[in-house]
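Just model.cif here, mmCIF, C-alpha atoms:
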```cif
data_start
#
loop_
_atom_site.group_PDB
_atom_site.id
_atom_site.type_symbol
_atom_site.label_atom_id
_atom_site.label_comp_id
_atom_site.auth_asym_id
_atom_site.auth_seq_id
_atom_site.Cartn_x
_atom_site.Cartn_y
_atom_site.Cartn_z
ATOM 1 C CA MET A 162 -3.727 -11.326 -29.867
ATOM 2 C CA ASN A 163 -7.107 -10.165 -31.062
ATOM 3 C CA ALA A 164 -7.691 -6.528 -30.177
ATOM 4 C CA THR A 165 -11.471 -6.875 -30.317
ATOM 5 C CA GLN A 166 -11.475 -9.580 -27.611
ATOM 6 C CA THR A 167 -9.132 -7.780 -25.211
ATOM 7 C CA PRO A 168 -9.874 -4.058 -25.432
ATOM 8 C CA ASP A 169 -7.067 -1.776 -24.331
ATOM 9 C CA PRO A 170 -8.223 -0.263 -21.002
ATOM 10 C CA GLU A 171 -5.977 2.743 -21.541
ATOM 11 C CA ALA A 172 -7.612 3.425 -24.878
ATOM 12 C CA ASP A 173 -11.227 2.958 -23.751
ATOM 13 C CA GLY A 174 -10.689 5.059 -20.599
ATOM 14 C CA THR A 175 -11.973 2.493 -18.070
ATOM 15 C CA GLY A 176 -8.879 2.840 -15.888
ATOM 16 C CA ALA A 177 -8.720 -0.952 -15.511
ATOM 17 C CA TYR A 178 -4.924 -0.976 -15.797
ATOM 18 C CA THR A 179 -4.387 0.890 -12.486
ATOM 19 C CA TRP A 180 -5.078 -0.363 -8.971
ATOM 20 C CA THR A 181 -7.216 2.700 -8.309
ATOM 21 C CA GLY A 182 -9.271 2.054 -11.437
ATOM 22 C CA LYS A 183 -9.621 -1.637 -10.630
ATOM 23 C CA SER A 184 -10.670 -0.794 -7.050
ATOM 24 C CA ARG A 185 -13.222 1.760 -8.265
ATOM 25 C CA ARG A 186 -14.758 -0.727 -10.669
ATOM 26 C CA TRP A 187 -14.838 -3.412 -7.954
ATOM 27 C CA PHE A 188 -16.506 -1.102 -5.407
ATOM 28 C CA LEU A 189 -19.042 0.227 -7.923
ATOM 29 C CA LYS A 190 -19.923 -3.338 -8.903
ATOM 30 C CA HIS A 191 -20.233 -4.797 -5.383
ATOM 31 C CA LEU A 192 -21.141 -1.724 -3.322
ATOM 32 C CA PRO A 193 -23.053 0.652 -5.606
ATOM 33 C CA PRO A 194 -24.268 3.866 -3.887
ATOM 34 C CA GLU A 195 -27.925 2.806 -4.153
ATOM 35 C CA LYS A 196 -27.123 -0.301 -2.075
ATOM 36 C CA LEU A 197 -24.926 1.528 0.441
ATOM 37 C CA LEU A 198 -27.475 4.271 1.130
ATOM 38 C CA PRO A 199 -30.922 2.871 0.281
ATOM 39 C CA GLU A 200 -33.954 5.129 0.710
ATOM 40 C CA ASP A 201 -36.383 2.372 1.686
ATOM 41 C CA GLN A 202 -36.455 -1.208 2.882
ATOM 42 C CA PRO A 203 -38.849 -4.129 2.271
ATOM 43 C CA SER A 204 -42.033 -4.105 4.399
ATOM 44 C CA TYR A 205 -40.893 -7.040 6.550
ATOM 45 C CA VAL A 206 -38.123 -4.826 7.996
ATOM 46 C CA ALA A 207 -40.849 -2.862 9.851
ATOM 47 C CA SER A 208 -40.543 -5.190 12.861
ATOM 48 C CA TRP A 209 -38.866 -4.971 16.270
ATOM 49 C CA ALA A 210 -36.892 -8.067 15.257
ATOM 50 C CA TYR A 211 -34.889 -5.885 12.858
ATOM 51 C CA VAL A 212 -33.856 -3.080 15.251
ATOM 52 C CA PHE A 213 -31.349 -4.784 17.549
ATOM 53 C CA GLY A 214 -28.393 -4.754 15.150
ATOM 54 C CA MET A 215 -28.632 -0.989 14.810
ATOM 55 C CA GLY A 216 -29.223 -0.799 18.592
ATOM 56 C CA ALA A 217 -25.853 -2.507 19.078
ATOM 57 C CA VAL A 218 -24.219 -0.050 16.633
ATOM 58 C CA ALA A 219 -25.733 2.856 18.598
ATOM 59 C CA GLY A 220 -24.320 1.314 21.787
ATOM 60 C CA LEU A 221 -20.906 1.094 20.117
ATOM 61 C CA VAL A 222 -21.038 4.786 19.165
ATOM 62 C CA PHE A 223 -21.679 5.701 22.829
ATOM 63 C CA ILE A 224 -18.881 3.351 23.964
ATOM 64 C CA VAL A 225 -16.359 4.974 21.624
ATOM 65 C CA ALA A 226 -17.488 8.530 22.460
ATOM 66 C CA SER A 227 -17.378 7.996 26.248
ATOM 67 C CA GLY A 228 -14.118 6.037 25.849
ATOM 68 C CA VAL A 229 -12.487 8.973 24.052
ATOM 69 C CA VAL A 230 -13.488 11.311 26.916
ATOM 70 C CA LEU A 231 -12.109 8.830 29.490
ATOM 71 C CA SER A 232 -8.838 8.451 27.537
ATOM 72 C CA LEU A 233 -8.275 12.194 27.234
ATOM 73 C CA ASN A 234 -8.808 12.817 30.950
ATOM 74 C CA GLY A 235 -7.144 9.725 32.406
ATOM 75 C CA PRO A 236 -7.696 7.464 35.437
ATOM 76 C CA GLN A 237 -6.874 10.183 37.988
ATOM 77 C CA TRP A 238 -9.934 12.056 36.661
ATOM 78 C CA TYR A 239 -12.441 9.254 36.178
ATOM 79 C CA HIS A 240 -11.655 7.526 39.466
ATOM 80 C CA VAL A 241 -12.073 10.572 41.708
ATOM 81 C CA SER A 242 -14.258 13.299 40.171
ATOM 82 C CA ALA A 243 -18.041 13.235 40.007
ATOM 83 C CA LEU A 244 -18.118 13.911 36.253
ATOM 84 C CA GLY A 245 -15.418 11.285 35.765
ATOM 85 C CA HIS A 246 -17.527 8.730 37.632
ATOM 86 C CA PHE A 247 -20.504 9.664 35.461
ATOM 87 C CA VAL A 248 -18.604 9.227 32.169
ATOM 88 C CA ASN A 249 -17.055 6.003 33.481
ATOM 89 C CA SER A 250 -20.556 4.723 34.293
ATOM 90 C CA ALA A 251 -21.874 5.868 30.891
ATOM 91 C CA HIS A 252 -19.053 3.825 29.312
ATOM 92 C CA LEU A 253 -20.001 0.750 31.381
ATOM 93 C CA TRP A 254 -23.732 0.991 30.685
ATOM 94 C CA SER A 255 -23.118 1.557 26.969
ATOM 95 C CA VAL A 256 -21.196 -1.728 27.007
ATOM 96 C CA GLU A 257 -24.060 -3.454 28.872
ATOM 97 C CA LEU A 258 -26.576 -2.240 26.268
ATOM 98 C CA PHE A 259 -24.188 -3.024 23.372
ATOM 99 C CA PHE A 260 -23.866 -6.636 24.523
ATOM 100 C CA MET A 261 -27.565 -7.040 25.367
ATOM 101 C CA PHE A 262 -28.634 -5.749 21.930
ATOM 102 C CA MET A 263 -25.940 -7.801 20.212
ATOM 103 C CA VAL A 264 -27.005 -11.024 21.955
ATOM 104 C CA VAL A 265 -30.720 -10.467 21.190
ATOM 105 C CA HIS A 266 -29.692 -9.652 17.575
ATOM 106 C CA LEU A 267 -27.701 -12.923 17.519
ATOM 107 C CA TRP A 268 -30.643 -14.953 18.885
ATOM 108 C CA ILE A 269 -33.126 -13.477 16.405
ATOM 109 C CA LYS A 270 -30.796 -13.934 13.415
ATOM 110 C CA PHE A 271 -30.003 -17.509 14.512
ATOM 111 C CA TRP A 272 -33.692 -18.480 14.620
ATOM 112 C CA MET A 273 -34.189 -16.732 11.264
ATOM 113 C CA ALA A 274 -31.285 -18.733 9.734
ATOM 114 C CA ALA A 275 -29.938 -15.357 8.598
ATOM 115 C CA TRP A 276 -27.044 -16.935 6.680
ATOM 116 C CA ARG A 277 -29.476 -17.802 3.852
ATOM 117 C CA GLY A 278 -29.129 -16.335 0.359
ATOM 118 C CA GLY A 279 -25.358 -15.915 0.180
ATOM 119 C CA ARG A 280 -25.107 -14.219 3.597
ATOM 120 C CA VAL A 281 -22.623 -16.657 5.168
ATOM 121 C CA LEU A 282 -19.873 -14.023 5.396
ATOM 122 C CA THR A 283 -22.340 -11.614 7.050
ATOM 123 C CA TRP A 284 -23.038 -14.266 9.704
ATOM 124 C CA ILE A 285 -19.328 -15.016 10.185
ATOM 125 C CA THR A 286 -18.351 -11.339 10.552
ATOM 126 C CA GLY A 287 -21.149 -10.953 13.105
ATOM 127 C CA MET A 288 -19.760 -13.842 15.141
ATOM 128 C CA VAL A 289 -16.212 -12.431 14.871
ATOM 129 C CA ALA A 290 -17.510 -9.030 16.038
ATOM 130 C CA PHE A 291 -19.092 -10.748 19.057
ATOM 131 C CA LEU A 292 -15.884 -12.631 19.950
ATOM 132 C CA VAL A 293 -13.581 -9.599 19.520
ATOM 133 C CA SER A 294 -16.015 -7.525 21.606
ATOM 134 C CA ILE A 295 -15.742 -10.078 24.430
ATOM 135 C CA VAL A 296 -11.935 -9.672 24.428
ATOM 136 C CA ALA A 297 -12.347 -5.865 24.393
ATOM 137 C CA ALA A 298 -14.785 -6.049 27.326
ATOM 138 C CA PHE A 299 -12.389 -8.347 29.192
ATOM 139 C CA THR A 300 -9.580 -5.774 28.900
ATOM 140 C CA GLY A 301 -12.066 -3.148 30.107
ATOM 141 C CA TYR A 302 -12.737 -5.161 33.263
ATOM 142 C CA LEU A 303 -8.968 -5.364 33.814
ATOM 143 C CA LEU A 304 -8.730 -1.554 33.698
ATOM 144 C CA GLN A 305 -11.039 -0.964 36.663
ATOM 145 C CA THR A 306 -7.849 -1.030 38.798
ATOM 146 C CA ASN A 307 -9.696 -2.448 41.787
ATOM 147 C CA PHE A 308 -9.874 -5.798 43.568
ATOM 148 C CA ASP A 309 -12.276 -7.095 40.906
ATOM 149 C CA SER A 310 -9.809 -6.443 38.085
ATOM 150 C CA GLN A 311 -6.940 -7.899 40.115
ATOM 151 C CA TRP A 312 -8.955 -11.061 40.722
ATOM 152 C CA ILE A 313 -9.986 -11.363 37.047
ATOM 153 C CA ALA A 314 -6.389 -10.815 35.861
ATOM 154 C CA PHE A 315 -4.871 -13.434 38.105
ATOM 155 C CA GLU A 316 -7.596 -15.955 37.337
ATOM 156 C CA ALA A 317 -6.953 -15.446 33.592
ATOM 157 C CA LYS A 318 -3.148 -15.234 33.448
ATOM 158 C CA ASP A 319 -2.445 -18.978 33.596
ATOM 159 C CA ALA A 320 -4.817 -19.768 30.723
ATOM 160 C CA LEU A 321 -3.375 -16.958 28.587
ATOM 161 C CA ASN A 322 0.208 -18.036 29.345
ATOM 162 C CA ALA A 323 -0.689 -21.655 28.580
ATOM 163 C CA VAL A 324 -1.795 -20.736 25.051
ATOM 164 C CA GLY A 325 1.383 -18.702 24.542
ATOM 165 C CA VAL A 326 0.047 -15.138 24.283
ATOM 166 C CA GLY A 327 1.236 -13.956 27.702
ATOM 167 C CA ALA A 328 4.090 -11.811 26.340
ATOM 168 C CA TRP A 329 1.876 -9.664 24.099
ATOM 169 C CA PHE A 330 -1.290 -9.979 26.176
ATOM 170 C CA ASN A 331 -0.016 -9.820 29.748
ATOM 171 C CA VAL A 332 -3.000 -9.245 32.033
ATOM 172 C CA ALA A 333 -0.643 -8.214 34.859
ATOM 173 C CA ASN A 334 0.808 -5.408 32.710
ATOM 174 C CA LEU A 335 -1.651 -2.553 33.095
ATOM 175 C CA GLY A 336 -0.027 -0.309 30.466
ATOM 176 C CA GLN A 337 -0.048 -3.036 27.833
ATOM 177 C CA ILE A 338 -3.669 -3.965 28.506
ATOM 178 C CA PHE A 339 -4.560 -0.253 28.398
ATOM 179 C CA MET A 340 -3.111 -0.027 24.862
ATOM 180 C CA TRP A 341 -5.005 -3.161 23.783
ATOM 181 C CA HIS A 342 -8.205 -1.667 25.180
ATOM 182 C CA ILE A 343 -7.995 1.837 23.719
ATOM 183 C CA VAL A 344 -6.146 1.195 20.423
ATOM 184 C CA LEU A 345 -5.968 -2.306 18.968
ATOM 185 C CA LEU A 346 -9.242 -3.863 20.107
ATOM 186 C CA PRO A 347 -11.462 -0.826 19.310
ATOM 187 C CA LEU A 348 -9.886 -0.739 15.822
ATOM 188 C CA ALA A 349 -10.591 -4.474 15.436
ATOM 189 C CA VAL A 350 -14.195 -4.204 16.672
ATOM 190 C CA GLY A 351 -14.794 -1.130 14.489
ATOM 191 C CA ALA A 352 -13.327 -2.768 11.373
ATOM 192 C CA VAL A 353 -15.338 -5.975 11.769
ATOM 193 C CA VAL A 354 -18.559 -4.079 12.490
ATOM 194 C CA VAL A 355 -18.029 -1.846 9.416
ATOM 195 C CA LEU A 356 -17.436 -4.955 7.276
ATOM 196 C CA HIS A 357 -20.564 -6.592 8.773
ATOM 197 C CA VAL A 358 -22.742 -3.560 8.005
ATOM 198 C CA LEU A 359 -21.302 -3.285 4.466
ATOM 199 C CA LEU A 360 -22.153 -6.952 3.867
ATOM 200 C CA VAL A 361 -25.693 -6.375 5.158
ATOM 201 C CA ARG A 362 -25.991 -3.477 2.696
ATOM 202 C CA ALA A 363 -24.515 -5.495 -0.179
ATOM 203 C CA HIS A 364 -26.778 -8.531 0.289
ATOM 204 C CA GLY A 365 -29.813 -6.766 1.777
ATOM 205 C CA VAL A 366 -31.451 -7.623 5.106
ATOM 206 C CA VAL A 367 -32.479 -11.260 5.341
ATOM 207 C CA PRO A 368 -36.197 -11.901 4.678
ATOM 208 C CA PRO A 369 -38.297 -13.785 7.259
ATOM 209 C CA LEU A 370 -38.388 -17.586 6.953
ATOM 210 C CA ASP A 371 -42.084 -17.600 6.095
ATOM 211 C CA ALA A 372 -41.824 -14.948 3.359
ATOM 212 C CA ALA A 373 -43.532 -16.388 0.299
ATOM 213 C CA GLU A 374 -41.297 -17.310 -2.629
ATOM 214 C CA THR A 375 -43.765 -15.421 -4.805
ATOM 215 C CA ASP A 376 -43.274 -12.201 -2.829
ATOM 216 C CA ALA A 377 -42.541 -9.507 -5.394
ATOM 217 C CA GLN A 378 -40.077 -7.812 -3.021
ATOM 218 C CA LEU A 379 -38.003 -10.976 -2.801
ATOM 219 C CA GLN A 380 -38.184 -12.163 -6.397
ATOM 220 C CA GLN A 381 -36.243 -9.307 -7.939
ATOM 221 C CA PRO A 382 -33.110 -9.407 -5.738
ATOM 222 C CA VAL A 383 -32.934 -13.210 -5.891
ATOM 223 C CA SER A 384 -33.134 -13.287 -9.674
ATOM 224 C CA GLU A 385 -30.589 -10.466 -9.984
ATOM 225 C CA ASP A 386 -27.993 -11.703 -7.498
ATOM 226 C CA PRO A 387 -25.535 -13.846 -9.509
ATOM 227 C CA GLU A 388 -23.993 -15.282 -6.324
ATOM 228 C CA THR A 389 -27.344 -16.614 -5.160
ATOM 229 C CA LYS A 390 -28.085 -17.914 -8.629
ATOM 230 C CA ALA A 391 -24.747 -19.745 -8.731
ATOM 231 C CA GLU A 392 -25.407 -21.292 -5.306
ATOM 232 C CA ARG A 393 -28.802 -22.584 -6.362
ATOM 233 C CA SER A 394 -27.538 -24.195 -9.577
ATOM 234 C CA MET B 127 -4.657 7.968 60.826
ATOM 235 C CA TYR B 128 -7.982 8.693 59.164
ATOM 236 C CA LYS B 129 -11.054 6.735 60.165
ATOM 237 C CA LEU B 130 -13.511 5.949 57.367
ATOM 238 C CA PRO B 131 -17.051 7.127 58.038
ATOM 239 C CA MET B 132 -19.515 4.306 58.683
ATOM 240 C CA SER B 133 -21.515 5.107 55.529
ATOM 241 C CA VAL B 134 -18.694 4.115 53.143
ATOM 242 C CA PRO B 135 -19.441 0.687 51.668
ATOM 243 C CA PRO B 136 -16.739 -1.990 51.730
ATOM 244 C CA ALA B 137 -14.198 -1.750 48.891
ATOM 245 C CA ILE B 138 -15.432 -4.994 47.405
ATOM 246 C CA SER B 139 -18.347 -7.275 48.110
ATOM 247 C CA PRO B 140 -19.253 -10.578 46.479
ATOM 248 C CA GLY B 141 -22.815 -9.478 45.687
ATOM 249 C CA THR B 142 -25.940 -11.588 45.900
ATOM 250 C CA TYR B 143 -25.893 -15.086 44.463
ATOM 251 C CA PHE B 144 -28.759 -17.397 43.596
ATOM 252 C CA GLY B 145 -28.335 -21.126 43.382
ATOM 253 C CA TRP B 146 -30.364 -24.106 42.230
ATOM 254 C CA GLY B 147 -28.447 -27.330 42.726
ATOM 255 C CA ASP B 148 -25.204 -27.091 40.756
ATOM 256 C CA VAL B 149 -26.264 -23.799 39.121
ATOM 257 C CA THR B 150 -25.037 -20.590 40.773
ATOM 258 C CA ILE B 151 -25.485 -17.133 39.297
ATOM 259 C CA GLN B 152 -24.792 -13.614 40.498
ATOM 260 C CA SER B 153 -27.851 -11.355 40.690
ATOM 261 C CA GLY B 154 -26.517 -8.787 38.189
ATOM 262 C CA ASN B 155 -25.803 -11.463 35.576
ATOM 263 C CA LEU B 156 -29.263 -12.985 36.128
ATOM 264 C CA VAL B 157 -30.934 -9.587 35.633
ATOM 265 C CA VAL B 158 -29.072 -9.077 32.318
ATOM 266 C CA ILE B 159 -30.025 -12.547 31.020
ATOM 267 C CA VAL B 160 -33.686 -12.119 32.018
ATOM 268 C CA ALA B 161 -33.742 -8.644 30.391
ATOM 269 C CA MET B 162 -32.392 -10.098 27.135
ATOM 270 C CA LEU B 163 -35.009 -12.881 27.146
ATOM 271 C CA VAL B 164 -37.764 -10.308 27.759
ATOM 272 C CA LEU B 165 -36.450 -8.111 24.902
ATOM 273 C CA PHE B 166 -36.380 -11.162 22.609
ATOM 274 C CA ALA B 167 -39.971 -12.101 23.469
ATOM 275 C CA LEU B 168 -41.263 -8.529 23.172
ATOM 276 C CA ALA B 169 -39.557 -8.098 19.772
ATOM 277 C CA LEU B 170 -41.567 -11.049 18.465
ATOM 278 C CA VAL B 171 -44.991 -10.005 19.761
ATOM 279 C CA LEU B 172 -45.094 -6.201 19.921
ATOM 280 C CA PRO B 173 -46.396 -4.418 16.794
ATOM 281 C CA PHE B 174 -43.924 -2.064 15.154
ATOM 282 C CA PRO B 175 -45.147 1.574 15.098
ATOM 283 C CA GLY B 176 -46.248 2.580 11.605
ATOM 284 C CA GLY B 177 -45.473 -0.858 10.257
ATOM 285 C CA LYS B 178 -48.847 -1.430 8.602
ATOM 286 C CA SER B 179 -48.837 1.842 6.675
ATOM 287 C CA ARG B 180 -45.624 0.941 4.848
ATOM 288 C CA LYS B 181 -45.655 -0.812 1.537
#
```
Can the structure in the file be given as structure tokens, please?
Amino acid sequence: MNATQTPDPEADGTGAYTWTGKSRRWFLKHLPPEKLLPEDQPSYVASWAYVFGMGAVAGLVFIVASGVVLSLNGPQWYHVSALGHFVNSAHLWSVELFFMFMVVHLWIKFWMAAWRGGRVLTWITGMVAFLVSIVAAFTGYLLQTNFDSQWIAFEAKDALNAVGVGAWFNVANLGQIFMWHIVLLPLAVGAVVVLHVLLVRAHGVVPPLDAAETDAQLQQPVSEDPETKAERS
Amino acid sequence: MYKLPMSVPPAISPGTYFGWGDVTIQSGNLVVIVAMLVLFALALVLPFPGGKSRK
């Protein structure tokens, strides 16, 4: 073995022989701090078309915050007290805004073909976030503990049993659905949204379709991104 | 036995529905869809504050 071709990572101090060192090198390569926390954005981002993704994230923050308050106080509080009703309503309207912003974000990114330039995984994680959010919202409707939720549960149970998930996702089991709604599904939505935002940071926000190829703001990232270069060749 | 006061609304009501032929939609759902379409249209036409001064 030629020592000059395979340098000893222990000797050169790169830390490449440990999983922590390998992870650090991977993160610094793919998610450098200047990409994670940029100080400015290209001029085309100064448009209302680019605000709805962050609007949905803001909605999610309010959903989680109001959800934590509801969880800590319990149904006996939020079904009967005035403040409980208010927080319950804040939770509902945060969800309404979250979904409205997310759908408008989806429409705008679809018509922009936002999967261009190596952003396919960003698009896919966005779609997964949308689908997981629908399941989370569904469990929320089941937790109203009123005639509406009873109707929704018993309309849905046959379809869920038919696909074989009835044991672990039993819409007639309030306690189980409560755990899905306040533990597993929020973790899933949060994880997918974090991954989506990280991918947006890593690849940069998608430029408009009519942005000129000669645009100086676009030329530099395209020529520097090896993934995009590999896709083009 | 308690009697409910007349002002209490019924525990559940179907809401208002609109229909055109085979299409039926509840008023709340229609409002949300129309609001999203309006937001989409406004996002395309409204100028962004301070947008022109940026480089």
What would the selection look like, as a ChimeraX atom specification, if the PyMOL selection byres ((chain A and resi 321-335) around 10) were run on the coordinates I just shared?
/A:299-300,303-304,306,310-311,313-320,336-341
Using C-alpha atoms, can you export the residues from the last selection as a short mmCIF file (atom, residue, chain, number, x, y, z; two decimals), in the frame of the given file?
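As written to disk, again.cif reads:
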```
data_model
loop_
_atom_site.label_atom_id
_atom_site.label_comp_id
_atom_site.auth_asym_id
_atom_site.auth_seq_id
_atom_site.Cartn_x
_atom_site.Cartn_y
_atom_site.Cartn_z
CA PHE A 299 -12.39 -8.35 29.19
CA THR A 300 -9.58 -5.77 28.90
CA LEU A 303 -8.97 -5.36 33.81
CA LEU A 304 -8.73 -1.55 33.70
CA THR A 306 -7.85 -1.03 38.80
CA SER A 310 -9.81 -6.44 38.08
CA GLN A 311 -6.94 -7.90 40.12
CA ILE A 313 -9.99 -11.36 37.05
CA ALA A 314 -6.39 -10.82 35.86
CA PHE A 315 -4.87 -13.43 38.10
CA GLU A 316 -7.60 -15.96 37.34
CA ALA A 317 -6.95 -15.45 33.59
CA LYS A 318 -3.15 -15.23 33.45
CA ASP A 319 -2.44 -18.98 33.60
CA ALA A 320 -4.82 -19.77 30.72
CA GLY A 336 -0.03 -0.31 30.47
CA GLN A 337 -0.05 -3.04 27.83
CA ILE A 338 -3.67 -3.96 28.51
CA PHE A 339 -4.56 -0.25 28.40
CA MET A 340 -3.11 -0.03 24.86
CA TRP A 341 -5.00 -3.16 23.78
#
```
Taking all atoms listed in the file into account, which residues of chain A are within 8 Å of chain B, as a PDB file with C-alpha atoms, keeping the file's coordinate frame?
```pdb
ATOM      1  CA  PRO A 203     -38.849  -4.129   2.271  1.00  0.00           C
ATOM      2  CA  SER A 204     -42.033  -4.105   4.399  1.00  0.00           C
ATOM      3  CA  ALA A 207     -40.849  -2.862   9.851  1.00  0.00           C
ATOM      4  CA  SER A 208     -40.543  -5.190  12.861  1.00  0.00           C
ATOM      5  CA  TRP A 209     -38.866  -4.971  16.270  1.00  0.00           C
ATOM      6  CA  ALA A 210     -36.892  -8.067  15.257  1.00  0.00           C
ATOM      7  CA  MET A 261     -27.565  -7.040  25.367  1.00  0.00           C
ATOM      8  CA  PHE A 262     -28.634  -5.749  21.930  1.00  0.00           C
ATOM      9  CA  VAL A 264     -27.005 -11.024  21.955  1.00  0.00           C
ATOM     10  CA  VAL A 265     -30.720 -10.467  21.190  1.00  0.00           C
ATOM     11  CA  TRP A 268     -30.643 -14.953  18.885  1.00  0.00           C
ATOM     12  CA  ILE A 269     -33.126 -13.477  16.405  1.00  0.00           C
ATOM     13  CA  PHE A 308      -9.874  -5.798  43.568  1.00  0.00           C
ATOM     14  CA  ASP A 309     -12.276  -7.095  40.906  1.00  0.00           C
TER      15      ASP A 309
END
```
A straight line from CA of Ala274 (chain A) to CA of Asp201 (chain A) spans 23.2 Å
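Take CA of His246 (chain A) and CA of Phe223 (chain A): the distance between them is 15.7 Å.
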Using only C-alpha atoms: which of A:Ala275, A:Ala243, A:Val222, A:Leu192 has the shortest distance to Leu370 (chain A)
A:Ala275
Work out how far apart CA of Val289 (chain A) and CA of Ala349 (chain A) are and give it in Å to one decimal.
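Calculated distance between CA of Val289 (chain A) and CA of Ala349 (chain A) is 9.8 Å.
Residue nearest Val157 (chain B), chosen from A:Val355, A:Gly228, A:Asp371, A:Glu257 and counting all atoms listed in the file: A:Glu257.
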I'd like to know which of A:Val296, A:Val248, A:Leu345, A:Val361 is closest to Arg280 (chain A), using all atoms listed in the file.
A:Val361
Evaluated on this file, the PyMOL selection byres ((chain A and resi 347) around 10) picks out some residues - which ones are they, written as a list in words?
Leu221, Ile224, Val225, Gly228, Val293, Ser294, Ala297, Trp341, His342, Ile343, Val344, Leu345, Leu346, Leu348, Ala349, Val350, Gly351, Ala352 and Val353 of chain A
